[in-house]
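Pasting work16.cif here (mmCIF, N, CA and C atoms):
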data_run
loop_
_atom_site.label_atom_id
_atom_site.label_comp_id
_atom_site.auth_asym_id
_atom_site.auth_seq_id
_atom_site.Cartn_x
_atom_site.Cartn_y
_atom_site.Cartn_z
N MET A 1 97.21 83.15 111.44
CA MET A 1 97.66 84.52 111.61
C MET A 1 97.21 85.10 112.96
N LEU A 2 96.03 84.72 113.41
CA LEU A 2 95.50 85.27 114.66
C LEU A 2 96.42 85.02 115.85
N ASP A 3 97.02 83.83 115.91
CA ASP A 3 97.84 83.49 117.07
C ASP A 3 99.16 84.25 117.11
N LYS A 4 99.57 84.84 115.99
CA LYS A 4 100.82 85.59 115.94
C LYS A 4 100.63 87.10 115.91
N LEU A 5 99.40 87.56 115.73
CA LEU A 5 99.10 88.98 115.63
C LEU A 5 99.41 89.70 116.94
N THR A 6 100.04 90.87 116.84
CA THR A 6 100.36 91.67 118.03
C THR A 6 99.78 93.07 117.87
N CYS A 7 99.79 93.80 118.95
CA CYS A 7 99.32 95.18 118.92
C CYS A 7 100.16 96.00 117.95
N ALA A 8 101.45 95.76 117.92
CA ALA A 8 102.34 96.50 117.00
C ALA A 8 101.97 96.26 115.54
N ASP A 9 101.41 95.10 115.24
CA ASP A 9 101.00 94.81 113.86
C ASP A 9 99.83 95.66 113.40
N VAL A 10 98.93 96.02 114.33
CA VAL A 10 97.72 96.75 113.95
C VAL A 10 97.82 98.26 114.15
N LEU A 11 98.77 98.72 114.97
CA LEU A 11 98.88 100.15 115.23
C LEU A 11 99.07 101.01 113.98
N PRO A 12 99.80 100.55 112.96
CA PRO A 12 99.91 101.38 111.75
C PRO A 12 98.56 101.59 111.04
N ALA A 13 97.58 100.76 111.35
CA ALA A 13 96.26 100.87 110.72
C ALA A 13 95.26 101.65 111.58
N LEU A 14 95.76 102.36 112.58
CA LEU A 14 94.91 103.19 113.43
C LEU A 14 94.27 104.30 112.60
N ASN A 15 93.00 104.56 112.85
CA ASN A 15 92.21 105.58 112.13
C ASN A 15 91.99 105.23 110.66
N GLN A 16 92.14 103.97 110.34
CA GLN A 16 91.89 103.51 108.98
C GLN A 16 90.67 102.59 108.95
N VAL A 17 90.15 102.39 107.75
CA VAL A 17 88.95 101.58 107.57
C VAL A 17 89.31 100.09 107.52
N TRP A 18 88.52 99.31 108.25
CA TRP A 18 88.60 97.85 108.25
C TRP A 18 87.24 97.33 107.79
N ARG A 19 87.21 96.15 107.20
CA ARG A 19 85.96 95.56 106.74
C ARG A 19 85.63 94.36 107.64
N LEU A 20 84.41 94.37 108.18
CA LEU A 20 83.92 93.30 109.02
C LEU A 20 82.83 92.56 108.25
N THR A 21 82.97 91.23 108.10
CA THR A 21 82.03 90.45 107.32
C THR A 21 81.45 89.32 108.17
N ASP A 22 80.11 89.18 108.11
CA ASP A 22 79.47 88.11 108.88
C ASP A 22 79.41 86.82 108.06
N SER A 23 78.83 85.78 108.65
CA SER A 23 78.79 84.46 108.00
C SER A 23 77.93 84.44 106.75
N GLU A 24 77.06 85.43 106.57
CA GLU A 24 76.21 85.50 105.38
C GLU A 24 76.84 86.35 104.27
N GLY A 25 78.01 86.91 104.53
CA GLY A 25 78.70 87.70 103.53
C GLY A 25 78.38 89.19 103.58
N THR A 26 77.59 89.61 104.58
CA THR A 26 77.27 91.04 104.73
C THR A 26 78.46 91.74 105.36
N ALA A 27 78.92 92.82 104.73
CA ALA A 27 80.10 93.54 105.21
C ALA A 27 79.75 94.93 105.71
N VAL A 28 80.47 95.37 106.74
CA VAL A 28 80.32 96.71 107.31
C VAL A 28 81.72 97.28 107.46
N GLU A 29 81.87 98.56 107.17
CA GLU A 29 83.17 99.21 107.35
C GLU A 29 83.23 99.83 108.75
N LEU A 30 84.35 99.56 109.43
CA LEU A 30 84.62 100.11 110.76
C LEU A 30 85.94 100.86 110.71
N VAL A 31 86.11 101.81 111.62
CA VAL A 31 87.37 102.55 111.73
C VAL A 31 88.03 102.16 113.05
N LEU A 32 89.29 101.76 112.99
CA LEU A 32 90.05 101.42 114.19
C LEU A 32 90.39 102.71 114.94
N ILE A 33 89.83 102.88 116.14
CA ILE A 33 90.05 104.11 116.89
C ILE A 33 91.02 103.94 118.05
N GLN A 34 91.31 102.69 118.43
CA GLN A 34 92.26 102.46 119.51
C GLN A 34 92.77 101.03 119.44
N ALA A 35 94.04 100.86 119.77
CA ALA A 35 94.65 99.54 119.93
C ALA A 35 95.66 99.67 121.06
N ALA A 36 95.56 98.78 122.04
CA ALA A 36 96.45 98.89 123.20
C ALA A 36 96.69 97.52 123.82
N GLU A 37 97.88 97.37 124.36
CA GLU A 37 98.22 96.14 125.08
C GLU A 37 97.54 96.13 126.44
N ARG A 38 97.34 94.92 126.96
CA ARG A 38 96.76 94.73 128.29
C ARG A 38 97.74 93.89 129.12
N PRO A 39 98.81 94.52 129.60
CA PRO A 39 99.83 93.74 130.33
C PRO A 39 99.27 93.05 131.57
N GLN A 40 98.23 93.60 132.18
CA GLN A 40 97.65 93.00 133.38
C GLN A 40 96.99 91.66 133.07
N ALA A 41 96.72 91.38 131.79
CA ALA A 41 96.09 90.12 131.40
C ALA A 41 97.12 89.08 130.95
N TYR A 42 98.40 89.43 130.97
CA TYR A 42 99.43 88.51 130.51
C TYR A 42 99.66 87.41 131.54
N ALA A 43 99.62 86.17 131.09
CA ALA A 43 99.83 85.04 131.99
C ALA A 43 101.13 84.34 131.58
N VAL A 44 102.14 84.46 132.41
CA VAL A 44 103.44 83.86 132.12
C VAL A 44 103.27 82.35 131.95
N GLY A 45 103.83 81.84 130.87
CA GLY A 45 103.76 80.41 130.62
C GLY A 45 102.48 79.98 129.90
N ILE A 46 101.49 80.87 129.82
CA ILE A 46 100.23 80.54 129.14
C ILE A 46 100.09 81.36 127.88
N SER A 47 100.26 82.67 128.00
CA SER A 47 100.11 83.55 126.85
C SER A 47 101.33 83.46 125.94
N ARG A 48 101.07 83.42 124.63
CA ARG A 48 102.16 83.39 123.66
C ARG A 48 102.54 84.80 123.22
N ARG A 49 101.71 85.76 123.55
CA ARG A 49 101.96 87.15 123.18
C ARG A 49 101.34 88.04 124.25
N MET A 50 101.68 89.31 124.19
CA MET A 50 101.06 90.28 125.10
C MET A 50 99.61 90.46 124.67
N PRO A 51 98.65 90.22 125.57
CA PRO A 51 97.24 90.45 125.21
C PRO A 51 97.01 91.91 124.81
N PHE A 52 96.08 92.12 123.88
CA PHE A 52 95.76 93.48 123.46
C PHE A 52 94.32 93.53 122.98
N PHE A 53 93.83 94.73 122.79
CA PHE A 53 92.48 94.90 122.27
C PHE A 53 92.48 95.94 121.17
N MET A 54 91.43 95.88 120.36
CA MET A 54 91.22 96.85 119.30
C MET A 54 89.80 97.40 119.49
N ALA A 55 89.65 98.71 119.43
CA ALA A 55 88.33 99.35 119.52
C ALA A 55 88.02 100.02 118.19
N PHE A 56 86.78 99.87 117.76
CA PHE A 56 86.35 100.37 116.46
C PHE A 56 85.13 101.26 116.59
N ARG A 57 85.00 102.18 115.64
CA ARG A 57 83.79 102.99 115.49
C ARG A 57 83.14 102.56 114.19
N GLY A 58 81.82 102.34 114.25
CA GLY A 58 81.09 101.93 113.07
C GLY A 58 79.79 102.70 112.94
N PRO A 59 79.04 102.42 111.90
CA PRO A 59 77.78 103.11 111.70
C PRO A 59 76.75 102.71 112.75
N ARG A 60 75.81 103.57 112.97
CA ARG A 60 74.73 103.28 113.94
C ARG A 60 73.94 102.06 113.49
N TRP A 61 73.67 101.99 112.19
CA TRP A 61 72.92 100.87 111.62
C TRP A 61 73.69 100.31 110.45
N PRO A 62 73.80 99.05 110.26
CA PRO A 62 73.16 98.03 111.08
C PRO A 62 73.92 97.81 112.38
N GLU A 63 73.19 97.48 113.42
CA GLU A 63 73.82 97.15 114.69
C GLU A 63 74.47 95.78 114.55
N ILE A 64 75.70 95.66 115.01
CA ILE A 64 76.45 94.42 114.88
C ILE A 64 76.36 93.66 116.20
N PRO A 65 75.71 92.49 116.21
CA PRO A 65 75.61 91.72 117.46
C PRO A 65 76.93 91.02 117.78
N GLN A 66 77.10 90.66 119.04
CA GLN A 66 78.29 89.91 119.42
C GLN A 66 78.33 88.62 118.63
N GLY A 67 79.49 88.28 118.12
CA GLY A 67 79.62 87.05 117.36
C GLY A 67 80.96 86.95 116.67
N LEU A 68 81.11 85.90 115.87
CA LEU A 68 82.34 85.66 115.14
C LEU A 68 82.25 86.24 113.73
N TYR A 69 83.30 86.93 113.33
CA TYR A 69 83.32 87.62 112.04
C TYR A 69 84.68 87.46 111.39
N ILE A 70 84.74 87.87 110.13
CA ILE A 70 86.01 88.01 109.42
C ILE A 70 86.34 89.50 109.42
N LEU A 71 87.55 89.83 109.82
CA LEU A 71 88.01 91.22 109.86
C LEU A 71 89.15 91.37 108.86
N GLU A 72 89.05 92.38 107.99
CA GLU A 72 90.07 92.56 106.96
C GLU A 72 90.57 94.00 106.88
N HIS A 73 91.86 94.11 106.63
CA HIS A 73 92.49 95.41 106.38
C HIS A 73 93.51 95.19 105.27
N GLU A 74 93.61 96.14 104.35
CA GLU A 74 94.46 95.94 103.18
C GLU A 74 95.93 95.69 103.52
N ALA A 75 96.44 96.28 104.59
CA ALA A 75 97.85 96.08 104.95
C ALA A 75 98.04 94.96 105.97
N VAL A 76 97.12 94.81 106.89
CA VAL A 76 97.25 93.79 107.95
C VAL A 76 96.86 92.42 107.43
N GLY A 77 95.84 92.36 106.59
CA GLY A 77 95.39 91.08 106.04
C GLY A 77 94.03 90.66 106.56
N LYS A 78 93.74 89.38 106.40
CA LYS A 78 92.44 88.82 106.75
C LYS A 78 92.55 88.05 108.06
N LEU A 79 91.67 88.37 109.00
CA LEU A 79 91.63 87.70 110.30
C LEU A 79 90.31 86.95 110.40
N ASP A 80 90.37 85.63 110.42
CA ASP A 80 89.17 84.81 110.47
C ASP A 80 88.74 84.54 111.90
N GLN A 81 87.44 84.43 112.09
CA GLN A 81 86.84 84.01 113.35
C GLN A 81 87.24 84.89 114.55
N VAL A 82 87.11 86.21 114.39
CA VAL A 82 87.36 87.11 115.52
C VAL A 82 86.04 87.36 116.24
N LEU A 83 86.10 87.39 117.56
CA LEU A 83 84.91 87.63 118.37
C LEU A 83 84.75 89.13 118.56
N VAL A 84 83.68 89.68 118.01
CA VAL A 84 83.39 91.10 118.11
C VAL A 84 82.35 91.30 119.19
N THR A 85 82.60 92.29 120.06
CA THR A 85 81.70 92.61 121.17
C THR A 85 81.30 94.07 121.09
N PRO A 86 79.99 94.37 121.18
CA PRO A 86 79.58 95.78 121.26
C PRO A 86 80.23 96.42 122.48
N LEU A 87 80.66 97.63 122.33
CA LEU A 87 81.37 98.35 123.38
C LEU A 87 80.54 99.56 123.79
N HIS A 88 80.15 99.61 125.04
CA HIS A 88 79.34 100.72 125.54
C HIS A 88 80.26 101.75 126.18
N MET A 89 80.31 102.92 125.57
CA MET A 89 81.19 103.99 126.02
C MET A 89 80.33 105.16 126.49
N PRO A 90 79.98 105.22 127.77
CA PRO A 90 79.08 106.26 128.26
C PRO A 90 79.54 107.68 127.97
N TYR A 91 80.85 107.91 127.96
CA TYR A 91 81.35 109.26 127.72
C TYR A 91 81.18 109.67 126.26
N MET A 92 80.77 108.74 125.42
CA MET A 92 80.50 109.06 124.02
C MET A 92 79.01 108.92 123.71
N ALA A 93 78.18 108.96 124.71
CA ALA A 93 76.74 108.76 124.53
C ALA A 93 76.12 109.81 123.61
N ASN A 94 76.74 110.97 123.51
CA ASN A 94 76.20 112.02 122.64
C ASN A 94 76.45 111.74 121.15
N GLN A 95 77.25 110.72 120.85
CA GLN A 95 77.50 110.35 119.45
C GLN A 95 76.42 109.37 118.99
N THR A 96 75.26 109.90 118.66
CA THR A 96 74.12 109.05 118.34
C THR A 96 74.17 108.45 116.94
N ASP A 97 75.12 108.88 116.13
CA ASP A 97 75.20 108.38 114.75
C ASP A 97 76.19 107.23 114.58
N VAL A 98 76.84 106.78 115.67
CA VAL A 98 77.83 105.72 115.57
C VAL A 98 77.64 104.68 116.70
N ARG A 99 78.27 103.54 116.53
CA ARG A 99 78.36 102.51 117.57
C ARG A 99 79.84 102.13 117.69
N HIS A 100 80.18 101.55 118.83
CA HIS A 100 81.56 101.16 119.08
C HIS A 100 81.63 99.65 119.36
N TYR A 101 82.75 99.06 118.95
CA TYR A 101 82.95 97.62 119.08
C TYR A 101 84.37 97.33 119.53
N GLN A 102 84.54 96.15 120.13
CA GLN A 102 85.86 95.76 120.63
C GLN A 102 86.17 94.32 120.25
N ILE A 103 87.46 94.09 120.00
CA ILE A 103 87.97 92.74 119.76
C ILE A 103 89.17 92.57 120.68
N GLY A 104 89.20 91.49 121.44
CA GLY A 104 90.31 91.22 122.35
C GLY A 104 91.12 90.02 121.88
N PHE A 105 92.41 90.09 122.10
CA PHE A 105 93.33 89.01 121.74
C PHE A 105 94.15 88.63 122.96
N ALA A 106 94.15 87.35 123.31
CA ALA A 106 94.90 86.89 124.49
C ALA A 106 96.18 86.20 124.07
#

When written as structure tokens, how does the structure in this file appear?
Amino acid sequence: MLDKLTCADVLPALNQVWRLTDSEGTAVELVLIQAAERPQAYAVGISRRMPFFMAFRGPRWPEIPQGLYILEHEAVGKLDQVLVTPLHMPYMANQTDVRHYQIGFA
């Protein structure tokens, strides 16, 4: 499913809760706050789809380290082995009760 997923597939789930699960089965709920295509990253003849990213807001604790996770949404489905990266957003530094994360798809 990951290789066919597009930005259009996830946009209906904007501002909705997604479940992120680590390899030990610990789950955290995140909210999708942004999804956008990255046309500047598109490589003709290499990319099978338009690259895009998803940005999420999650709880301050537990802090989620960069790594591979399972991401699930009731309408989109289950996405295995997604690389989650902490996202530092200086303009949101006053939001001390949340953390932000990003997942990119090429």

task = Give me every helix (DSSP H, G or I) residue in stretch 5-105 of chain A, going by DSSP on the backbone, as a PyMOL selection string.
result = chain A and resi 7-13+39-41+90-92

ask   = What gap, in Å, lies between atom CA of A:Gln16 and atom CA of A:Gly67?
value =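 Interatomic distance, atom CA of A:Gln16 to atom CA of A:Gly67: 22.2 Å.
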
request  = State, in Å with one decimal place, the distance from atom N of A:Met50 to atom C of A:Leu71.
outcome  = 19.9 Å

On this structure, which residues satisfy the PyMOL selection byres ((chain A and resi 102) around 6.5), written as a PDB file with N, CA and C atoms, in the coordinates of the input?
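Here's the written file result-v9.pdb:
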ATOM      1  N   MET A  54      91.430  95.880 120.360  1.00  0.00           N
ATOM      2  CA  MET A  54      91.220  96.850 119.300  1.00  0.00           C
ATOM      3  C   MET A  54      89.800  97.400 119.490  1.00  0.00           C
ATOM      4  N   ALA A  55      89.650  98.710 119.430  1.00  0.00           N
ATOM      5  CA  ALA A  55      88.330  99.350 119.520  1.00  0.00           C
ATOM      6  C   ALA A  55      88.020 100.020 118.190  1.00  0.00           C
ATOM      7  N   PHE A  56      86.780  99.870 117.760  1.00  0.00           N
ATOM      8  CA  PHE A  56      86.350 100.370 116.460  1.00  0.00           C
ATOM      9  C   PHE A  56      85.130 101.260 116.590  1.00  0.00           C
ATOM     10  N   LEU A  83      86.100  87.390 117.560  1.00  0.00           N
ATOM     11  CA  LEU A  83      84.910  87.630 118.370  1.00  0.00           C
ATOM     12  C   LEU A  83      84.750  89.130 118.560  1.00  0.00           C
ATOM     13  N   VAL A  84      83.680  89.680 118.010  1.00  0.00           N
ATOM     14  CA  VAL A  84      83.390  91.100 118.110  1.00  0.00           C
ATOM     15  C   VAL A  84      82.350  91.300 119.190  1.00  0.00           C
ATOM     16  N   THR A  85      82.600  92.290 120.060  1.00  0.00           N
ATOM     17  CA  THR A  85      81.700  92.610 121.170  1.00  0.00           C
ATOM     18  C   THR A  85      81.300  94.070 121.090  1.00  0.00           C
ATOM     19  N   PRO A  86      79.990  94.370 121.180  1.00  0.00           N
ATOM     20  CA  PRO A  86      79.580  95.780 121.260  1.00  0.00           C
ATOM     21  C   PRO A  86      80.230  96.420 122.480  1.00  0.00           C
ATOM     22  N   LEU A  87      80.660  97.630 122.330  1.00  0.00           N
ATOM     23  CA  LEU A  87      81.370  98.350 123.380  1.00  0.00           C
ATOM     24  C   LEU A  87      80.540  99.560 123.790  1.00  0.00           C
ATOM     25  N   HIS A 100      80.180 101.550 118.830  1.00  0.00           N
ATOM     26  CA  HIS A 100      81.560 101.160 119.080  1.00  0.00           C
ATOM     27  C   HIS A 100      81.630  99.650 119.360  1.00  0.00           C
ATOM     28  N   TYR A 101      82.750  99.060 118.950  1.00  0.00           N
ATOM     29  CA  TYR A 101      82.950  97.620 119.080  1.00  0.00           C
ATOM     30  C   TYR A 101      84.370  97.330 119.530  1.00  0.00           C
ATOM     31  N   ILE A 103      87.460  94.090 120.000  1.00  0.00           N
ATOM     32  CA  ILE A 103      87.970  92.740 119.760  1.00  0.00           C
ATOM     33  C   ILE A 103      89.170  92.570 120.680  1.00  0.00           C
ATOM     34  N   GLY A 104      89.200  91.490 121.440  1.00  0.00           N
ATOM     35  CA  GLY A 104      90.310  91.220 122.350  1.00  0.00           C
ATOM     36  C   GLY A 104      91.120  90.020 121.880  1.00  0.00           C
TER      37      GLY A 104
END

ask   = Which residue out of A:His88, A:Arg38, A:His73, A:Arg99 has the minimum interatomic distance to A:Pro59 when only N, CA and C atoms are used?
value = A:Arg99

inquiry  = Could you tell me, as an MDAnalysis selection string, exactly which residues end up selected when the PyMOL selection byres ((chain A and resi 36) around 6.5) is applied to this structure?
reply    = chainID A and resid 7 34:35 37:38 51:55

Kindly export the residues of the current selection with N, CA and C atoms, as an mmCIF file, in the coordinates of the input.
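New file result-v9.cif:
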data_model
loop_
_atom_site.group_PDB
_atom_site.id
_atom_site.type_symbol
_atom_site.label_atom_id
_atom_site.label_comp_id
_atom_site.auth_asym_id
_atom_site.auth_seq_id
_atom_site.Cartn_x
_atom_site.Cartn_y
_atom_site.Cartn_z
ATOM 1 N N CYS A 7 99.790 93.800 118.950
ATOM 2 C CA CYS A 7 99.320 95.180 118.920
ATOM 3 C C CYS A 7 100.160 96.000 117.950
ATOM 4 N N GLN A 34 91.310 102.690 118.430
ATOM 5 C CA GLN A 34 92.260 102.460 119.510
ATOM 6 C C GLN A 34 92.770 101.030 119.440
ATOM 7 N N ALA A 35 94.040 100.860 119.770
ATOM 8 C CA ALA A 35 94.650 99.540 119.930
ATOM 9 C C ALA A 35 95.660 99.670 121.060
ATOM 10 N N GLU A 37 97.880 97.370 124.360
ATOM 11 C CA GLU A 37 98.220 96.140 125.080
ATOM 12 C C GLU A 37 97.540 96.130 126.440
ATOM 13 N N ARG A 38 97.340 94.920 126.960
ATOM 14 C CA ARG A 38 96.760 94.730 128.290
ATOM 15 C C ARG A 38 97.740 93.890 129.120
ATOM 16 N N PRO A 51 98.650 90.220 125.570
ATOM 17 C CA PRO A 51 97.240 90.450 125.210
ATOM 18 C C PRO A 51 97.010 91.910 124.810
ATOM 19 N N PHE A 52 96.080 92.120 123.880
ATOM 20 C CA PHE A 52 95.760 93.480 123.460
ATOM 21 C C PHE A 52 94.320 93.530 122.980
ATOM 22 N N PHE A 53 93.830 94.730 122.790
ATOM 23 C CA PHE A 53 92.480 94.900 122.270
ATOM 24 C C PHE A 53 92.480 95.940 121.170
ATOM 25 N N MET A 54 91.430 95.880 120.360
ATOM 26 C CA MET A 54 91.220 96.850 119.300
ATOM 27 C C MET A 54 89.800 97.400 119.490
ATOM 28 N N ALA A 55 89.650 98.710 119.430
ATOM 29 C CA ALA A 55 88.330 99.350 119.520
ATOM 30 C C ALA A 55 88.020 100.020 118.190
#

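The closest residue to A:Val17, picked from A:Arg49, A:Glu74, A:Pro39, A:Pro65 and counting only N, CA and C atoms, is A:Glu74.
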
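Around the coordinate (73.1, 101.4, 113.8), residues that reach within 8 Å when counting only C-alpha atoms are Pro59, Arg60, Trp61, Pro62, Glu63, Ile64, Asp97, Val98 and Arg99 of chain A.
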
Keeping N, CA and C atoms for every residue in the selection just given, could you write it to a file as an mmCIF file, in the coordinates of the input?
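again-v4.cif written:
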data_model
loop_
_atom_site.group_PDB
_atom_site.id
_atom_site.type_symbol
_atom_site.label_atom_id
_atom_site.label_comp_id
_atom_site.auth_asym_id
_atom_site.auth_seq_id
_atom_site.Cartn_x
_atom_site.Cartn_y
_atom_site.Cartn_z
ATOM 1 N N PRO A 59 79.040 102.420 111.900
ATOM 2 C CA PRO A 59 77.780 103.110 111.700
ATOM 3 C C PRO A 59 76.750 102.710 112.750
ATOM 4 N N ARG A 60 75.810 103.570 112.970
ATOM 5 C CA ARG A 60 74.730 103.280 113.940
ATOM 6 C C ARG A 60 73.940 102.060 113.490
ATOM 7 N N TRP A 61 73.670 101.990 112.190
ATOM 8 C CA TRP A 61 72.920 100.870 111.620
ATOM 9 C C TRP A 61 73.690 100.310 110.450
ATOM 10 N N PRO A 62 73.800 99.050 110.260
ATOM 11 C CA PRO A 62 73.160 98.030 111.080
ATOM 12 C C PRO A 62 73.920 97.810 112.380
ATOM 13 N N GLU A 63 73.190 97.480 113.420
ATOM 14 C CA GLU A 63 73.820 97.150 114.690
ATOM 15 C C GLU A 63 74.470 95.780 114.550
ATOM 16 N N ILE A 64 75.700 95.660 115.010
ATOM 17 C CA ILE A 64 76.450 94.420 114.880
ATOM 18 C C ILE A 64 76.360 93.660 116.200
ATOM 19 N N ASP A 97 75.120 108.880 116.130
ATOM 20 C CA ASP A 97 75.200 108.380 114.750
ATOM 21 C C ASP A 97 76.190 107.230 114.580
ATOM 22 N N VAL A 98 76.840 106.780 115.670
ATOM 23 C CA VAL A 98 77.830 105.720 115.570
ATOM 24 C C VAL A 98 77.640 104.680 116.700
ATOM 25 N N ARG A 99 78.270 103.540 116.530
ATOM 26 C CA ARG A 99 78.360 102.510 117.570
ATOM 27 C C ARG A 99 79.840 102.130 117.690
#

task = From a DSSP pass on the backbone, collect the residues of chain A flagged as strand (DSSP E or B) and hand them back as a PyMOL selection string.
result = chain A and resi 17-21+27-37+52-59+67-73+77-87+98-105

key: d(atom N of A:Ser23, atom CA of A:Arg48) in Å   = 27.8 Å

8 Å contact set for stretch 76-79 of chain A, all atoms listed in the file, chain neighbours under 3 positions out, as a ChimeraX atom specification = /A:1-2,9-10,13,69-73,82

ask   = Which polymer residues have any atom within 6 Å of an atom of A:Leu20, counting only N, CA and C atoms, with same-chain residues fewer than 2 positions away left out, as number ranges by chain?
value = A: 18, 22, 26-30, 70-72
